[in-house]
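The data block below is input39.cif; it holds mmCIF, N, CA and C atoms.
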data_start
#
loop_
_atom_site.group_PDB
_atom_site.id
_atom_site.type_symbol
_atom_site.label_atom_id
_atom_site.label_comp_id
_atom_site.auth_asym_id
_atom_site.auth_seq_id
_atom_site.Cartn_x
_atom_site.Cartn_y
_atom_site.Cartn_z
ATOM 1 N N MET Z 19 133.893 85.029 85.203
ATOM 2 C CA MET Z 19 134.994 85.513 84.398
ATOM 3 C C MET Z 19 136.324 85.273 85.124
ATOM 4 N N LYS Z 20 136.323 85.485 86.440
ATOM 5 C CA LYS Z 20 137.534 85.283 87.215
ATOM 6 C C LYS Z 20 138.029 83.838 87.080
ATOM 7 N N LYS Z 21 137.083 82.924 86.965
ATOM 8 C CA LYS Z 21 137.427 81.510 86.829
ATOM 9 C C LYS Z 21 138.220 81.257 85.543
ATOM 10 N N ASP Z 22 137.862 81.966 84.466
ATOM 11 C CA ASP Z 22 138.577 81.806 83.202
ATOM 12 C C ASP Z 22 140.048 82.188 83.335
ATOM 13 N N TYR Z 23 140.304 83.264 84.063
ATOM 14 C CA TYR Z 23 141.691 83.700 84.254
ATOM 15 C C TYR Z 23 142.466 82.692 85.096
ATOM 16 N N TRP Z 24 141.799 82.120 86.101
ATOM 17 C CA TRP Z 24 142.461 81.114 86.919
ATOM 18 C C TRP Z 24 142.789 79.880 86.088
ATOM 19 N N GLU Z 25 141.856 79.451 85.267
ATOM 20 C CA GLU Z 25 142.087 78.278 84.427
ATOM 21 C C GLU Z 25 143.228 78.513 83.447
ATOM 22 N N ARG Z 26 143.320 79.726 82.927
ATOM 23 C CA ARG Z 26 144.436 80.049 82.025
ATOM 24 C C ARG Z 26 145.760 79.932 82.774
ATOM 25 N N PHE Z 27 145.796 80.452 84.019
ATOM 26 C CA PHE Z 27 147.025 80.346 84.813
ATOM 27 C C PHE Z 27 147.381 78.885 85.096
ATOM 28 N N VAL Z 28 146.373 78.068 85.428
ATOM 29 C CA VAL Z 28 146.632 76.651 85.720
ATOM 30 C C VAL Z 28 147.229 75.960 84.499
ATOM 31 N N LYS Z 29 146.749 76.299 83.308
ATOM 32 C CA LYS Z 29 147.262 75.669 82.083
ATOM 33 C C LYS Z 29 148.680 76.113 81.770
ATOM 34 N N THR Z 30 148.938 77.423 81.887
ATOM 35 C CA THR Z 30 150.232 77.943 81.446
ATOM 36 C C THR Z 30 151.261 77.993 82.563
ATOM 37 N N GLY Z 31 150.831 78.268 83.796
ATOM 38 C CA GLY Z 31 151.766 78.413 84.900
ATOM 39 C C GLY Z 31 152.571 79.698 84.848
ATOM 40 N N LYS Z 32 152.200 80.606 83.953
ATOM 41 C CA LYS Z 32 152.945 81.860 83.803
ATOM 42 C C LYS Z 32 152.602 82.832 84.932
ATOM 43 N N VAL Z 33 153.628 83.520 85.395
ATOM 44 C CA VAL Z 33 153.430 84.549 86.420
ATOM 45 C C VAL Z 33 152.500 85.637 85.891
ATOM 46 N N GLU Z 34 152.647 85.978 84.648
ATOM 47 C CA GLU Z 34 151.813 87.020 84.035
ATOM 48 C C GLU Z 34 150.329 86.648 84.115
ATOM 49 N N ASP Z 35 150.005 85.404 83.861
ATOM 50 C CA ASP Z 35 148.615 84.955 83.939
ATOM 51 C C ASP Z 35 148.101 84.983 85.371
ATOM 52 N N TYR Z 36 148.980 84.631 86.328
ATOM 53 C CA TYR Z 36 148.575 84.699 87.730
ATOM 54 C C TYR Z 36 148.306 86.143 88.151
ATOM 55 N N LEU Z 37 149.172 87.059 87.743
ATOM 56 C CA LEU Z 37 148.985 88.462 88.094
ATOM 57 C C LEU Z 37 147.718 89.030 87.459
ATOM 58 N N THR Z 38 147.398 88.579 86.258
ATOM 59 C CA THR Z 38 146.151 88.997 85.628
ATOM 60 C C THR Z 38 144.960 88.498 86.438
ATOM 61 N N TYR Z 39 145.022 87.246 86.862
ATOM 62 C CA TYR Z 39 143.956 86.688 87.707
ATOM 63 C C TYR Z 39 143.811 87.487 88.989
ATOM 64 N N ARG Z 40 144.903 87.776 89.663
ATOM 65 C CA ARG Z 40 144.863 88.536 90.916
ATOM 66 C C ARG Z 40 144.327 89.943 90.675
ATOM 67 N N GLY Z 41 144.680 90.541 89.557
ATOM 68 C CA GLY Z 41 144.168 91.868 89.225
ATOM 69 C C GLY Z 41 142.666 91.856 89.032
ATOM 70 N N MET Z 42 142.160 90.816 88.402
ATOM 71 C CA MET Z 42 140.718 90.699 88.212
ATOM 72 C C MET Z 42 140.019 90.485 89.551
ATOM 73 N N ALA Z 43 140.610 89.703 90.430
ATOM 74 C CA ALA Z 43 140.019 89.473 91.752
ATOM 75 C C ALA Z 43 139.985 90.772 92.537
ATOM 76 N N ARG Z 44 141.058 91.546 92.466
ATOM 77 C CA ARG Z 44 141.117 92.830 93.176
ATOM 78 C C ARG Z 44 140.081 93.801 92.613
ATOM 79 N N CYS Z 45 139.976 93.835 91.305
ATOM 80 C CA CYS Z 45 139.004 94.717 90.650
ATOM 81 C C CYS Z 45 137.585 94.362 91.086
ATOM 82 N N GLU Z 46 137.282 93.092 91.135
ATOM 83 C CA GLU Z 46 135.957 92.637 91.546
ATOM 84 C C GLU Z 46 135.670 93.046 92.998
ATOM 85 N N ALA Z 47 136.675 92.919 93.868
ATOM 86 C CA ALA Z 47 136.496 93.293 95.273
ATOM 87 C C ALA Z 47 136.223 94.787 95.416
ATOM 88 N N VAL Z 48 136.936 95.601 94.662
ATOM 89 C CA VAL Z 48 136.736 97.054 94.715
ATOM 90 C C VAL Z 48 135.354 97.415 94.202
ATOM 91 N N MET Z 49 134.939 96.795 93.117
ATOM 92 C CA MET Z 49 133.617 97.084 92.568
ATOM 93 C C MET Z 49 132.520 96.703 93.555
ATOM 94 N N ASN Z 50 132.660 95.560 94.210
ATOM 95 C CA ASN Z 50 131.670 95.139 95.209
ATOM 96 C C ASN Z 50 131.619 96.106 96.380
ATOM 97 N N ARG Z 51 132.776 96.598 96.797
ATOM 98 C CA ARG Z 51 132.812 97.538 97.917
ATOM 99 C C ARG Z 51 132.075 98.820 97.558
ATOM 100 N N TYR Z 52 132.318 99.352 96.365
ATOM 101 C CA TYR Z 52 131.639 100.583 95.958
ATOM 102 C C TYR Z 52 130.142 100.375 95.750
ATOM 103 N N GLN Z 53 129.748 99.210 95.279
ATOM 104 C CA GLN Z 53 128.322 98.929 95.139
ATOM 105 C C GLN Z 53 127.657 98.877 96.503
ATOM 106 N N ASN Z 54 128.326 98.275 97.477
ATOM 107 C CA ASN Z 54 127.773 98.208 98.828
ATOM 108 C C ASN Z 54 127.678 99.596 99.449
ATOM 109 N N GLU Z 55 128.672 100.445 99.208
ATOM 110 C CA GLU Z 55 128.635 101.807 99.737
ATOM 111 C C GLU Z 55 127.502 102.606 99.110
ATOM 112 N N SER Z 56 127.268 102.425 97.823
ATOM 113 C CA SER Z 56 126.189 103.170 97.172
ATOM 114 C C SER Z 56 124.834 102.703 97.679
ATOM 115 N N ARG Z 57 124.712 101.406 98.005
ATOM 116 C CA ARG Z 57 123.460 100.909 98.588
ATOM 117 C C ARG Z 57 123.217 101.522 99.955
ATOM 118 N N LYS Z 58 124.269 101.661 100.747
ATOM 119 C CA LYS Z 58 124.136 102.282 102.066
ATOM 120 C C LYS Z 58 123.670 103.722 101.928
ATOM 121 N N ASP Z 59 124.214 104.439 100.950
ATOM 122 C CA ASP Z 59 123.810 105.827 100.723
ATOM 123 C C ASP Z 59 122.342 105.915 100.346
ATOM 124 N N GLU Z 60 121.877 104.981 99.542
ATOM 125 C CA GLU Z 60 120.474 104.988 99.126
ATOM 126 C C GLU Z 60 119.549 104.679 100.295
ATOM 127 N N GLU Z 61 120.006 103.856 101.236
ATOM 128 C CA GLU Z 61 119.175 103.456 102.355
ATOM 129 C C GLU Z 61 119.226 104.452 103.509
ATOM 130 N N SER Z 62 120.144 105.405 103.478
ATOM 131 C CA SER Z 62 120.297 106.341 104.590
ATOM 132 C C SER Z 62 119.206 107.414 104.537
ATOM 133 N N GLU Z 63 119.263 108.306 105.496
ATOM 134 C CA GLU Z 63 118.272 109.384 105.589
ATOM 135 C C GLU Z 63 118.259 110.214 104.302
ATOM 136 N N PRO Z 64 117.105 110.707 103.909
ATOM 137 C CA PRO Z 64 117.044 111.585 102.735
ATOM 138 C C PRO Z 64 117.846 112.857 102.986
ATOM 139 N N ASP Z 65 118.306 113.486 101.919
ATOM 140 C CA ASP Z 65 119.121 114.694 102.035
ATOM 141 C C ASP Z 65 118.372 115.838 102.707
ATOM 142 N N ASP Z 66 117.056 115.826 102.672
ATOM 143 C CA ASP Z 66 116.281 116.906 103.283
ATOM 144 C C ASP Z 66 116.473 116.969 104.799
ATOM 145 N N TYR Z 67 116.889 115.873 105.400
ATOM 146 C CA TYR Z 67 117.043 115.817 106.842
ATOM 147 C C TYR Z 67 118.496 115.972 107.296
ATOM 148 N N ARG Z 68 119.407 116.251 106.381
ATOM 149 C CA ARG Z 68 120.824 116.372 106.720
ATOM 150 C C ARG Z 68 121.306 117.790 106.448
ATOM 151 N N ASP Z 69 122.261 118.232 107.289
ATOM 152 C CA ASP Z 69 122.902 119.499 106.980
ATOM 153 C C ASP Z 69 124.240 119.222 106.310
ATOM 154 N N ARG Z 70 124.994 120.235 106.015
ATOM 155 C CA ARG Z 70 126.235 120.034 105.264
ATOM 156 C C ARG Z 70 127.287 119.271 106.051
ATOM 157 N N ASN Z 71 127.138 119.181 107.359
ATOM 158 C CA ASN Z 71 128.076 118.433 108.187
ATOM 159 C C ASN Z 71 127.625 117.002 108.389
ATOM 160 N N ASP Z 72 126.578 116.608 107.692
ATOM 161 C CA ASP Z 72 126.049 115.247 107.709
ATOM 162 C C ASP Z 72 125.390 114.887 109.039
ATOM 163 N N SER Z 73 124.905 115.891 109.756
ATOM 164 C CA SER Z 73 124.133 115.631 110.969
ATOM 165 C C SER Z 73 122.675 115.454 110.578
ATOM 166 N N VAL Z 74 121.980 114.643 111.341
ATOM 167 C CA VAL Z 74 120.572 114.398 111.068
ATOM 168 C C VAL Z 74 119.757 115.146 112.103
ATOM 169 N N SER Z 75 118.773 115.899 111.641
ATOM 170 C CA SER Z 75 117.946 116.642 112.589
ATOM 171 C C SER Z 75 116.600 115.940 112.714
ATOM 172 N N ALA Z 76 115.913 116.266 113.794
ATOM 173 C CA ALA Z 76 114.590 115.719 114.035
ATOM 174 C C ALA Z 76 113.674 116.866 114.472
ATOM 175 N N SER Z 77 112.409 116.574 114.658
ATOM 176 C CA SER Z 77 111.462 117.624 115.011
ATOM 177 C C SER Z 77 111.712 118.200 116.399
ATOM 178 N N ASP Z 78 112.452 117.489 117.255
ATOM 179 C CA ASP Z 78 112.720 118.019 118.593
ATOM 180 C C ASP Z 78 114.029 118.820 118.633
ATOM 181 N N TRP Z 79 114.641 119.079 117.509
ATOM 182 C CA TRP Z 79 115.816 119.940 117.326
ATOM 183 C C TRP Z 79 117.098 119.378 117.952
ATOM 184 N N ARG Z 80 117.098 118.130 118.348
ATOM 185 C CA ARG Z 80 118.329 117.529 118.837
ATOM 186 C C ARG Z 80 119.132 117.017 117.650
ATOM 187 N N ILE Z 81 120.432 116.947 117.812
ATOM 188 C CA ILE Z 81 121.304 116.398 116.779
ATOM 189 C C ILE Z 81 121.629 114.969 117.162
ATOM 190 N N ARG Z 82 121.493 114.073 116.194
ATOM 191 C CA ARG Z 82 121.798 112.655 116.442
ATOM 192 C C ARG Z 82 123.141 112.311 115.898
#
Since I need it in another form, could you write the structure as structure tokens?
Amino acid sequence: MKKDYWERFVKTGKVEDYLTYRGMARCEAVMNRYQNESRKDEESEPDDYRDRNDSVSASDWRIR
């Protein structure tokens, strides 16, 4: 989709079209960042092993 906006800018040369393209690129980058963060959350320790301060406990009672 981003390619379509770039092609429109190349055809018209309008600043407005370029800004739309840049906005779409920025939006895509933000969405990718949040998707990566949500994947990290899914891969981290289960909530049963964390306290409210986000410390992880183990059977030997040390804090990691």
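Across the structure, CA of Glu55 in chain Z and CA of Thr38 in chain Z are spaced 25.9 Å apart.
Between atom N of Lys21 in chain Z and atom N of Arg57 in chain Z the interatomic distance comes to 24.8 Å.
Note that atom N of Leu37 in chain Z and atom C of Trp24 in chain Z are 9.7 Å apart.
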Using only the atoms of range 36-55 of chain Z listed in the file, plus 3 Å on each side, state the axis-aligned box centre and edge lengths in Å rounded to one decimal, as lines of an AutoDock Vina configuration file.
center_x = 138.3
center_y = 93.6
center_z = 92.7
size_x = 27.7
size_y = 24.0
size_z = 20.1
>> Please enumerate the residues selected by the PyMOL selection byres ((chain Z and resi 39-45) around 8) when evaluated against the supplied file, formatted as a VMD selection string.
In response: chain Z and resid 19 to 25 27 33 to 38 46 to 51
Missing atoms in range 37-48 of chain Z should be modelled up to all heavy atoms and reported as a PDB file, in the coordinates of the input.
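Printed below is part.pdb as written:
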ATOM      1  N   LEU Z  37     149.172  87.059  87.743  1.00  0.00           N
ATOM      2  CA  LEU Z  37     148.985  88.462  88.094  1.00  0.00           C
ATOM      3  C   LEU Z  37     147.718  89.030  87.459  1.00  0.00           C
ATOM      4  O   LEU Z  37     147.023  89.851  88.066  1.00  0.00           O
ATOM      5  CB  LEU Z  37     150.207  89.278  87.689  1.00  0.00           C
ATOM      6  CG  LEU Z  37     151.483  88.950  88.468  1.00  0.00           C
ATOM      7  CD1 LEU Z  37     152.658  89.740  87.891  1.00  0.00           C
ATOM      8  CD2 LEU Z  37     151.304  89.221  89.945  1.00  0.00           C
ATOM      9  N   THR Z  38     147.398  88.579  86.258  1.00  0.00           N
ATOM     10  CA  THR Z  38     146.151  88.997  85.628  1.00  0.00           C
ATOM     11  C   THR Z  38     144.960  88.498  86.438  1.00  0.00           C
ATOM     12  O   THR Z  38     144.012  89.238  86.694  1.00  0.00           O
ATOM     13  CB  THR Z  38     146.071  88.463  84.182  1.00  0.00           C
ATOM     14  OG1 THR Z  38     147.180  88.962  83.448  1.00  0.00           O
ATOM     15  CG2 THR Z  38     144.780  88.898  83.509  1.00  0.00           C
ATOM     16  N   TYR Z  39     145.022  87.246  86.862  1.00  0.00           N
ATOM     17  CA  TYR Z  39     143.956  86.688  87.707  1.00  0.00           C
ATOM     18  C   TYR Z  39     143.811  87.487  88.989  1.00  0.00           C
ATOM     19  O   TYR Z  39     142.705  87.848  89.401  1.00  0.00           O
ATOM     20  CB  TYR Z  39     144.259  85.221  88.020  1.00  0.00           C
ATOM     21  CG  TYR Z  39     143.467  84.695  89.183  1.00  0.00           C
ATOM     22  CD1 TYR Z  39     142.113  84.396  89.041  1.00  0.00           C
ATOM     23  CD2 TYR Z  39     144.055  84.523  90.434  1.00  0.00           C
ATOM     24  CE1 TYR Z  39     141.379  83.924  90.122  1.00  0.00           C
ATOM     25  CE2 TYR Z  39     143.329  84.052  91.503  1.00  0.00           C
ATOM     26  CZ  TYR Z  39     141.991  83.765  91.346  1.00  0.00           C
ATOM     27  OH  TYR Z  39     141.259  83.316  92.404  1.00  0.00           O
ATOM     28  N   ARG Z  40     144.903  87.776  89.663  1.00  0.00           N
ATOM     29  CA  ARG Z  40     144.863  88.536  90.916  1.00  0.00           C
ATOM     30  C   ARG Z  40     144.327  89.943  90.675  1.00  0.00           C
ATOM     31  O   ARG Z  40     143.583  90.472  91.494  1.00  0.00           O
ATOM     32  CB  ARG Z  40     146.254  88.609  91.552  1.00  0.00           C
ATOM     33  CG  ARG Z  40     146.734  87.299  92.103  1.00  0.00           C
ATOM     34  CD  ARG Z  40     145.890  86.803  93.243  1.00  0.00           C
ATOM     35  NE  ARG Z  40     146.001  87.744  94.348  1.00  0.00           N
ATOM     36  CZ  ARG Z  40     145.162  87.836  95.365  1.00  0.00           C
ATOM     37  NH1 ARG Z  40     144.149  87.010  95.435  1.00  0.00           N
ATOM     38  NH2 ARG Z  40     145.326  88.713  96.304  1.00  0.00           N
ATOM     39  N   GLY Z  41     144.680  90.541  89.557  1.00  0.00           N
ATOM     40  CA  GLY Z  41     144.168  91.868  89.225  1.00  0.00           C
ATOM     41  C   GLY Z  41     142.666  91.856  89.032  1.00  0.00           C
ATOM     42  O   GLY Z  41     141.962  92.766  89.476  1.00  0.00           O
ATOM     43  N   MET Z  42     142.160  90.816  88.402  1.00  0.00           N
ATOM     44  CA  MET Z  42     140.718  90.699  88.212  1.00  0.00           C
ATOM     45  C   MET Z  42     140.019  90.485  89.551  1.00  0.00           C
ATOM     46  O   MET Z  42     138.949  91.032  89.799  1.00  0.00           O
ATOM     47  CB  MET Z  42     140.397  89.554  87.251  1.00  0.00           C
ATOM     48  CG  MET Z  42     140.863  89.795  85.834  1.00  0.00           C
ATOM     49  SD  MET Z  42     140.216  91.301  85.104  1.00  0.00           S
ATOM     50  CE  MET Z  42     138.494  90.922  85.016  1.00  0.00           C
ATOM     51  N   ALA Z  43     140.610  89.703  90.430  1.00  0.00           N
ATOM     52  CA  ALA Z  43     140.019  89.473  91.752  1.00  0.00           C
ATOM     53  C   ALA Z  43     139.985  90.772  92.537  1.00  0.00           C
ATOM     54  O   ALA Z  43     138.993  91.089  93.200  1.00  0.00           O
ATOM     55  CB  ALA Z  43     140.813  88.405  92.504  1.00  0.00           C
ATOM     56  N   ARG Z  44     141.058  91.546  92.466  1.00  0.00           N
ATOM     57  CA  ARG Z  44     141.117  92.830  93.176  1.00  0.00           C
ATOM     58  C   ARG Z  44     140.081  93.801  92.613  1.00  0.00           C
ATOM     59  O   ARG Z  44     139.388  94.482  93.357  1.00  0.00           O
ATOM     60  CB  ARG Z  44     142.530  93.400  93.052  1.00  0.00           C
ATOM     61  CG  ARG Z  44     142.739  94.786  93.593  1.00  0.00           C
ATOM     62  CD  ARG Z  44     142.706  94.861  95.112  1.00  0.00           C
ATOM     63  NE  ARG Z  44     143.621  93.988  95.754  1.00  0.00           N
ATOM     64  CZ  ARG Z  44     144.730  94.357  96.363  1.00  0.00           C
ATOM     65  NH1 ARG Z  44     145.061  95.628  96.374  1.00  0.00           N
ATOM     66  NH2 ARG Z  44     145.490  93.482  96.943  1.00  0.00           N
ATOM     67  N   CYS Z  45     139.976  93.835  91.305  1.00  0.00           N
ATOM     68  CA  CYS Z  45     139.004  94.717  90.650  1.00  0.00           C
ATOM     69  C   CYS Z  45     137.585  94.362  91.086  1.00  0.00           C
ATOM     70  O   CYS Z  45     136.777  95.243  91.385  1.00  0.00           O
ATOM     71  CB  CYS Z  45     139.159  94.600  89.145  1.00  0.00           C
ATOM     72  SG  CYS Z  45     138.039  95.658  88.207  1.00  0.00           S
ATOM     73  N   GLU Z  46     137.282  93.092  91.135  1.00  0.00           N
ATOM     74  CA  GLU Z  46     135.957  92.637  91.546  1.00  0.00           C
ATOM     75  C   GLU Z  46     135.670  93.046  92.998  1.00  0.00           C
ATOM     76  O   GLU Z  46     134.574  93.496  93.321  1.00  0.00           O
ATOM     77  CB  GLU Z  46     135.850  91.129  91.389  1.00  0.00           C
ATOM     78  CG  GLU Z  46     134.486  90.586  91.724  1.00  0.00           C
ATOM     79  CD  GLU Z  46     134.400  89.079  91.531  1.00  0.00           C
ATOM     80  OE1 GLU Z  46     135.435  88.389  91.604  1.00  0.00           O
ATOM     81  OE2 GLU Z  46     133.280  88.601  91.315  1.00  0.00           O
ATOM     82  N   ALA Z  47     136.675  92.919  93.868  1.00  0.00           N
ATOM     83  CA  ALA Z  47     136.496  93.293  95.273  1.00  0.00           C
ATOM     84  C   ALA Z  47     136.223  94.787  95.416  1.00  0.00           C
ATOM     85  O   ALA Z  47     135.352  95.198  96.187  1.00  0.00           O
ATOM     86  CB  ALA Z  47     137.726  92.892  96.076  1.00  0.00           C
ATOM     87  N   VAL Z  48     136.936  95.601  94.662  1.00  0.00           N
ATOM     88  CA  VAL Z  48     136.736  97.054  94.715  1.00  0.00           C
ATOM     89  C   VAL Z  48     135.354  97.415  94.202  1.00  0.00           C
ATOM     90  O   VAL Z  48     134.648  98.236  94.799  1.00  0.00           O
ATOM     91  CB  VAL Z  48     137.838  97.782  93.912  1.00  0.00           C
ATOM     92  CG1 VAL Z  48     137.512  99.256  93.739  1.00  0.00           C
ATOM     93  CG2 VAL Z  48     139.189  97.615  94.586  1.00  0.00           C
TER      94      VAL Z  48
END
